[in-house]
$ cat protein_17.pdb   # PDB, C-alpha atoms, pLDDT in the B column
ATOM      1  CA  MET Y  16     -26.390  -8.243 -27.982  1.00 65.00           C
ATOM      2  CA  GLU Y  17     -24.555 -11.551 -28.182  1.00 86.00           C
ATOM      3  CA  SER Y  18     -24.598 -13.746 -25.111  1.00 90.00           C
ATOM      4  CA  SER Y  19     -20.801 -14.143 -25.288  1.00 94.00           C
ATOM      5  CA  VAL Y  20     -20.413 -10.365 -24.887  1.00 96.00           C
ATOM      6  CA  ILE Y  21     -22.751 -10.404 -21.903  1.00 96.00           C
ATOM      7  CA  GLN Y  22     -20.891 -13.347 -20.380  1.00 97.00           C
ATOM      8  CA  LEU Y  23     -17.583 -11.507 -20.761  1.00 97.00           C
ATOM      9  CA  SER Y  24     -19.089  -8.419 -19.146  1.00 98.00           C
ATOM     10  CA  LYS Y  25     -20.438 -10.463 -16.228  1.00 98.00           C
ATOM     11  CA  TYR Y  26     -17.082 -12.196 -15.821  1.00 98.00           C
ATOM     12  CA  ARG Y  27     -15.264  -8.884 -15.679  1.00 98.00           C
ATOM     13  CA  TYR Y  28     -17.714  -7.416 -13.168  1.00 98.00           C
ATOM     14  CA  ASN Y  29     -17.420 -10.509 -10.969  1.00 98.00           C
ATOM     15  CA  ARG Y  30     -13.658 -10.157 -11.215  1.00 98.00           C
ATOM     16  CA  ALA Y  31     -14.045  -6.552 -10.026  1.00 98.00           C
ATOM     17  CA  LEU Y  32     -16.008  -7.766  -6.997  1.00 98.00           C
ATOM     18  CA  GLU Y  33     -13.396 -10.416  -6.217  1.00 98.00           C
ATOM     19  CA  VAL Y  34     -10.514  -7.957  -6.475  1.00 98.00           C
ATOM     20  CA  PHE Y  35     -12.438  -5.485  -4.299  1.00 98.00           C
ATOM     21  CA  GLN Y  36     -12.682  -8.162  -1.600  1.00 98.00           C
ATOM     22  CA  ASP Y  37      -8.924  -8.655  -1.883  1.00 98.00           C
ATOM     23  CA  ALA Y  38      -8.417  -4.903  -1.457  1.00 98.00           C
ATOM     24  CA  ASN Y  39     -10.434  -4.953   1.759  1.00 98.00           C
ATOM     25  CA  ILE Y  40      -8.480  -7.909   3.141  1.00 98.00           C
ATOM     26  CA  LEU Y  41      -5.182  -6.211   2.311  1.00 98.00           C
ATOM     27  CA  PHE Y  42      -6.381  -2.985   3.947  1.00 98.00           C
ATOM     28  CA  GLU Y  43      -7.288  -4.865   7.129  1.00 98.00           C
ATOM     29  CA  LYS Y  44      -3.802  -6.416   7.135  1.00 98.00           C
ATOM     30  CA  LYS Y  45      -2.279  -2.912   6.716  1.00 98.00           C
ATOM     31  CA  SER Y  46      -0.820  -3.836   3.331  1.00 98.00           C
ATOM     32  CA  LEU Y  47      -1.771  -0.387   2.105  1.00 98.00           C
ATOM     33  CA  ALA Y  48       0.052  -0.141  -1.225  1.00 98.00           C
ATOM     34  CA  SER Y  49      -1.324  -3.514  -2.266  1.00 98.00           C
ATOM     35  CA  SER Y  50      -4.801  -2.486  -1.140  1.00 98.00           C
ATOM     36  CA  VAL Y  51      -4.565   0.651  -3.295  1.00 98.00           C
ATOM     37  CA  ASN Y  52      -3.525  -1.493  -6.244  1.00 98.00           C
ATOM     38  CA  ARG Y  53      -6.386  -3.951  -5.798  1.00 98.00           C
ATOM     39  CA  SER Y  54      -8.920  -1.151  -5.273  1.00 98.00           C
ATOM     40  CA  TYR Y  55      -7.824   0.415  -8.539  1.00 98.00           C
ATOM     41  CA  TYR Y  56      -8.097  -2.919 -10.340  1.00 98.00           C
ATOM     42  CA  ALA Y  57     -11.621  -3.384  -8.993  1.00 98.00           C
ATOM     43  CA  ILE Y  58     -12.462  -0.074 -10.683  1.00 98.00           C
ATOM     44  CA  PHE Y  59     -10.611  -1.039 -13.857  1.00 98.00           C
ATOM     45  CA  HIS Y  60     -12.331  -4.430 -14.156  1.00 98.00           C
ATOM     46  CA  ALA Y  61     -15.717  -2.724 -13.670  1.00 98.00           C
ATOM     47  CA  MET Y  62     -14.847  -0.325 -16.518  1.00 98.00           C
ATOM     48  CA  ARG Y  63     -13.859  -3.238 -18.724  1.00 98.00           C
ATOM     49  CA  ALA Y  64     -17.184  -4.916 -17.889  1.00 98.00           C
ATOM     50  CA  ILE Y  65     -18.818  -1.866 -19.484  1.00 98.00           C
ATOM     51  CA  THR Y  66     -16.494  -1.714 -22.484  1.00 98.00           C
ATOM     52  CA  ALA Y  67     -17.052  -5.428 -23.136  1.00 98.00           C
ATOM     53  CA  LEU Y  68     -20.653  -4.610 -24.001  1.00 97.00           C
ATOM     54  CA  ASP Y  69     -19.359  -2.321 -26.772  1.00 97.00           C
ATOM     55  CA  GLU Y  70     -16.805  -4.932 -27.831  1.00 96.00           C
ATOM     56  CA  PHE Y  71     -14.085  -2.394 -27.059  1.00 97.00           C
ATOM     57  CA  ASP Y  72     -10.812  -3.085 -25.303  1.00 95.00           C
ATOM     58  CA  SER Y  73      -7.443  -1.406 -25.119  1.00 96.00           C
ATOM     59  CA  SER Y  74      -3.982  -2.645 -24.281  1.00 92.00           C
ATOM     60  CA  LYS Y  75      -3.501   0.482 -22.152  1.00 96.00           C
ATOM     61  CA  HIS Y  76      -5.354   1.545 -19.054  1.00 97.00           C
ATOM     62  CA  SER Y  77      -5.411   5.100 -20.364  1.00 97.00           C
ATOM     63  CA  GLY Y  78      -7.220   3.839 -23.474  1.00 97.00           C
ATOM     64  CA  VAL Y  79     -10.005   2.260 -21.414  1.00 98.00           C
ATOM     65  CA  ILE Y  80     -10.289   5.373 -19.242  1.00 98.00           C
ATOM     66  CA  ALA Y  81     -10.392   7.687 -22.272  1.00 98.00           C
ATOM     67  CA  TYR Y  82     -13.073   5.517 -23.887  1.00 98.00           C
ATOM     68  CA  ILE Y  83     -15.228   5.552 -20.748  1.00 98.00           C
ATOM     69  CA  ASN Y  84     -14.854   9.333 -20.476  1.00 98.00           C
ATOM     70  CA  ARG Y  85     -15.715   9.864 -24.138  1.00 98.00           C
ATOM     71  CA  GLN Y  86     -18.543   7.361 -24.534  1.00 98.00           C
ATOM     72  CA  TYR Y  87     -20.125   7.333 -21.098  1.00 98.00           C
ATOM     73  CA  VAL Y  88     -19.254  10.445 -19.092  1.00 98.00           C
ATOM     74  CA  LYS Y  89     -19.350  12.978 -21.916  1.00 97.00           C
ATOM     75  CA  GLU Y  90     -22.599  11.432 -23.194  1.00 97.00           C
ATOM     76  CA  GLY Y  91     -24.170  11.684 -19.715  1.00 97.00           C
ATOM     77  CA  ILE Y  92     -24.618   7.971 -19.077  1.00 97.00           C
ATOM     78  CA  PHE Y  93     -22.438   8.350 -15.970  1.00 98.00           C
ATOM     79  CA  ASN Y  94     -21.818  11.645 -14.217  1.00 96.00           C
ATOM     80  CA  LYS Y  95     -18.473  13.439 -13.985  1.00 97.00           C
ATOM     81  CA  GLU Y  96     -17.855  11.911 -10.571  1.00 97.00           C
ATOM     82  CA  LEU Y  97     -16.826   8.733 -12.405  1.00 98.00           C
ATOM     83  CA  SER Y  98     -14.248  10.590 -14.468  1.00 98.00           C
ATOM     84  CA  LYS Y  99     -12.731  12.176 -11.356  1.00 98.00           C
ATOM     85  CA  ILE Y 100     -12.597   8.825  -9.578  1.00 98.00           C
ATOM     86  CA  LEU Y 101     -10.929   7.140 -12.559  1.00 98.00           C
ATOM     87  CA  ASP Y 102      -8.284   9.835 -12.795  1.00 98.00           C
ATOM     88  CA  SER Y 103      -7.418   9.998  -9.110  1.00 98.00           C
ATOM     89  CA  ALA Y 104      -7.514   6.221  -8.580  1.00 98.00           C
ATOM     90  CA  PHE Y 105      -5.239   5.651 -11.578  1.00 98.00           C
ATOM     91  CA  ARG Y 106      -2.726   8.273 -10.408  1.00 98.00           C
ATOM     92  CA  LEU Y 107      -2.611   6.942  -6.851  1.00 98.00           C
ATOM     93  CA  ARG Y 108      -2.158   3.369  -8.062  1.00 98.00           C
ATOM     94  CA  GLU Y 109       0.738   4.447 -10.259  1.00 98.00           C
ATOM     95  CA  LYS Y 110       2.409   6.288  -7.364  1.00 98.00           C
ATOM     96  CA  ALA Y 111       1.922   3.342  -5.029  1.00 98.00           C
ATOM     97  CA  ASP Y 112       3.232   0.843  -7.575  1.00 97.00           C
ATOM     98  CA  TYR Y 113       6.072   2.749  -9.225  1.00 97.00           C
ATOM     99  CA  ASP Y 114       7.305   5.727  -7.188  1.00 98.00           C
ATOM    100  CA  ASP Y 115      10.294   4.840  -5.086  1.00 96.00           C
ATOM    101  CA  PHE Y 116       9.799   5.707  -1.426  1.00 96.00           C
ATOM    102  CA  TYR Y 117       6.129   6.635  -1.827  1.00 97.00           C
ATOM    103  CA  ILE Y 118       4.334   5.741   1.382  1.00 97.00           C
ATOM    104  CA  VAL Y 119       0.619   5.029   1.079  1.00 98.00           C
ATOM    105  CA  SER Y 120      -1.239   6.437   4.055  1.00 98.00           C
ATOM    106  CA  ILE Y 121      -4.169   4.746   5.729  1.00 98.00           C
ATOM    107  CA  GLU Y 122      -6.311   7.648   4.478  1.00 98.00           C
ATOM    108  CA  ASP Y 123      -5.129   7.118   0.891  1.00 98.00           C
ATOM    109  CA  ALA Y 124      -5.929   3.418   1.017  1.00 98.00           C
ATOM    110  CA  GLU Y 125      -9.280   3.988   2.707  1.00 98.00           C
ATOM    111  CA  ASN Y 126     -10.243   6.638   0.126  1.00 98.00           C
ATOM    112  CA  GLN Y 127      -9.247   4.311  -2.707  1.00 98.00           C
ATOM    113  CA  LEU Y 128     -11.498   1.611  -1.217  1.00 98.00           C
ATOM    114  CA  LYS Y 129     -14.355   4.106  -1.035  1.00 98.00           C
ATOM    115  CA  LYS Y 130     -13.795   5.059  -4.672  1.00 98.00           C
ATOM    116  CA  ALA Y 131     -13.875   1.423  -5.733  1.00 98.00           C
ATOM    117  CA  SER Y 132     -17.033   0.819  -3.739  1.00 98.00           C
ATOM    118  CA  ARG Y 133     -18.665   3.857  -5.322  1.00 98.00           C
ATOM    119  CA  VAL Y 134     -17.756   2.738  -8.848  1.00 98.00           C
ATOM    120  CA  LEU Y 135     -19.095  -0.749  -8.219  1.00 98.00           C
ATOM    121  CA  GLU Y 136     -22.396   0.650  -6.972  1.00 98.00           C
ATOM    122  CA  MET Y 137     -22.592   3.154  -9.863  1.00 97.00           C
ATOM    123  CA  THR Y 138     -21.955   0.566 -12.546  1.00 98.00           C
ATOM    124  CA  LYS Y 139     -24.001  -2.364 -11.221  1.00 98.00           C
ATOM    125  CA  PRO Y 140     -27.474  -1.035 -12.175  1.00 98.00           C
ATOM    126  CA  TYR Y 141     -26.251  -0.025 -15.634  1.00 98.00           C
ATOM    127  CA  LEU Y 142     -24.689  -3.427 -16.253  1.00 98.00           C
ATOM    128  CA  GLU Y 143     -27.638  -5.381 -14.899  1.00 97.00           C
ATOM    129  CA  GLU Y 144     -29.960  -3.494 -17.217  1.00 96.00           C
ATOM    130  CA  LYS Y 145     -27.727  -4.192 -20.213  1.00 95.00           C
ATOM    131  CA  TRP Y 146     -27.366  -7.864 -19.293  1.00 96.00           C
ATOM    132  CA  LYS Y 147     -31.167  -8.253 -19.533  1.00 92.00           C
ATOM    133  CA  ILE Y 148     -31.134  -7.150 -23.175  1.00 76.00           C
ATOM    134  CA  GLN Y 149     -30.326 -10.136 -25.342  1.00 56.00           C
TER     135      GLN Y 149
END

$ encode --input "protein_17.pdb" --output "C-alpha cells"
Amino acid sequence: MESSVIQLSKYRYNRALEVFQDANILFEKKSLASSVNRSYYAIFHAMRAITALDEFDSSKHSGVIAYINRQYVKEGIFNKELSKILDSAFRLREKADYDDFYIVSIEDAENQLKKASRVLEMTKPYLEEKWKIQ
C-alpha cells in the first residue's frame, strides 16, 4: 500500500477526531443541531479514512455509505451495527440541517454523539492495522 494512501487515511481519521471534539463542544453549549451535524461528519470522515485505503471516493455521501455497506459490512469486516449507525446518523443529520422547524432534542444529539464515538472506536483498530502494512 502506498504511503500517500496511508497518509490520506490518517489525515481523514484525525479529521474525524477533530470534528468529534467540535461536536462535544457544541453539545455542551446546547447547540444541538450543529452538534448532530458535527457528530455525523466525524462518522463520515472515519468512513472516508477507510475508503482512502481502497483509493475509493464518491462525490455523494450515499456513495460512500453504499460502498462501506457493500465492501465492509456485507463482507463481515464490520458488523451490521455499523450499517445501522450510518443510516440513522445520516438521516438525523439531514433532518437537522434541512427540515424547516425540526427541533433536535438533547436525546437526539446525545445519541448522535454516542454513535460517532462508537464508530471511531470500531474503526480505529482496523485502520491502525492497515496503516502498519506498507

$ closest_residue --input "protein_17.pdb" --among "Y:Gln86, Y:Ser74, Y:Gln36, Y:Ser103" --to "Asp123 of chain Y" --atoms "only C-alpha atoms"
Y:Ser103

$ closest_residue --input "protein_17.pdb" --among "Y:Asn29, Y:Asn52, Y:Asn94, Y:Ser120" --to "Lys139 of chain Y" --atoms "only C-alpha atoms"
Y:Asn29

$ atom_distance --input "protein_17.pdb" --atom1 "atom CA of Lys110 of chain Y" --atom2 "atom CA of Gln127 of chain Y"
12.7 Å

$ residues_around --input "protein_17.pdb" --residues "Leu107 of chain Y" --least-positions-apart "4" --cutoff "12 Å" --atoms "all atoms listed in the file" --output "list in words"
Leu47, Ala48, Ser49, Ser50, Val51, Asn52, Arg53, Ser54, Tyr55, Tyr56, Ile100, Leu101, Asp102, Ser103, Ala111, Asp112, Tyr113, Asp114, Tyr117, Ile118, Val119, Ser120, Glu122, Asp123, Ala124, Asn126, Gln127, Leu128 and Lys130 of chain Y

$ closest_residue --input "protein_17.pdb" --among "Y:Leu97, Y:Ile65, Y:Leu41, Y:Ala81" --to "Tyr28 of chain Y" --atoms "all atoms listed in the file"
Y:Ile65

$ closest_residue --input "protein_17.pdb" --among "Y:Arg63, Y:Lys99, Y:Arg106, Y:Lys44" --to "Ile21 of chain Y" --atoms "all atoms listed in the file"
Y:Arg63

$ atom_distance --input "protein_17.pdb" --atom1 "atom CA of Lys89 of chain Y" --atom2 "atom CA of Ala104 of chain Y"
19.1 Å

$ closest_residue --input "protein_17.pdb" --among "Y:Ile92, Y:Ala61, Y:Ile148, Y:Val134" --to "Glu17 of chain Y" --atoms "only C-alpha atoms"
Y:Ile148

$ closest_residue --input "protein_17.pdb" --among "Y:Leu135, Y:Ile121, Y:Pro140, Y:Lys129" --to "Glu43 of chain Y" --atoms "all atoms listed in the file"
Y:Ile121

$ axis_aligned_box --input "protein_17.pdb" --around "segment 37-48 of chain Y" --padding-each-side "4 Å" --output "AutoDock Vina command-line options"
--center_x -5.2 --center_y -4.4 --center_z 2.6 --size_x 18.5 --size_y 16.5 --size_z 17.0

$ atom_distance --input "protein_17.pdb" --atom1 "atom CA of Ile83 of chain Y" --atom2 "atom CA of Arg133 of chain Y"
15.9 Å

$ resolve_selection --input "protein_17.pdb" --expression "the PyMOL selection byres ((chain Y and resi 23) around 12)" --output "compact mmCIF listing (two decimals) with C-alpha atoms, in the frame of the given file"
# COMPACT_ATOMS: atom_id res chain seq x y z
CA MET Y 16 -26.39 -8.24 -27.98
CA GLU Y 17 -24.56 -11.55 -28.18
CA SER Y 18 -24.60 -13.75 -25.11
CA SER Y 19 -20.80 -14.14 -25.29
CA VAL Y 20 -20.41 -10.36 -24.89
CA ILE Y 21 -22.75 -10.40 -21.90
CA GLN Y 22 -20.89 -13.35 -20.38
CA SER Y 24 -19.09 -8.42 -19.15
CA LYS Y 25 -20.44 -10.46 -16.23
CA TYR Y 26 -17.08 -12.20 -15.82
CA ARG Y 27 -15.26 -8.88 -15.68
CA TYR Y 28 -17.71 -7.42 -13.17
CA ASN Y 29 -17.42 -10.51 -10.97
CA ARG Y 30 -13.66 -10.16 -11.22
CA HIS Y 60 -12.33 -4.43 -14.16
CA ALA Y 61 -15.72 -2.72 -13.67
CA ARG Y 63 -13.86 -3.24 -18.72
CA ALA Y 64 -17.18 -4.92 -17.89
CA ILE Y 65 -18.82 -1.87 -19.48
CA THR Y 66 -16.49 -1.71 -22.48
CA ALA Y 67 -17.05 -5.43 -23.14
CA LEU Y 68 -20.65 -4.61 -24.00
CA ASP Y 69 -19.36 -2.32 -26.77
CA GLU Y 70 -16.80 -4.93 -27.83
CA PHE Y 71 -14.08 -2.39 -27.06
CA ASP Y 72 -10.81 -3.08 -25.30
CA LEU Y 142 -24.69 -3.43 -16.25
CA TRP Y 146 -27.37 -7.86 -19.29
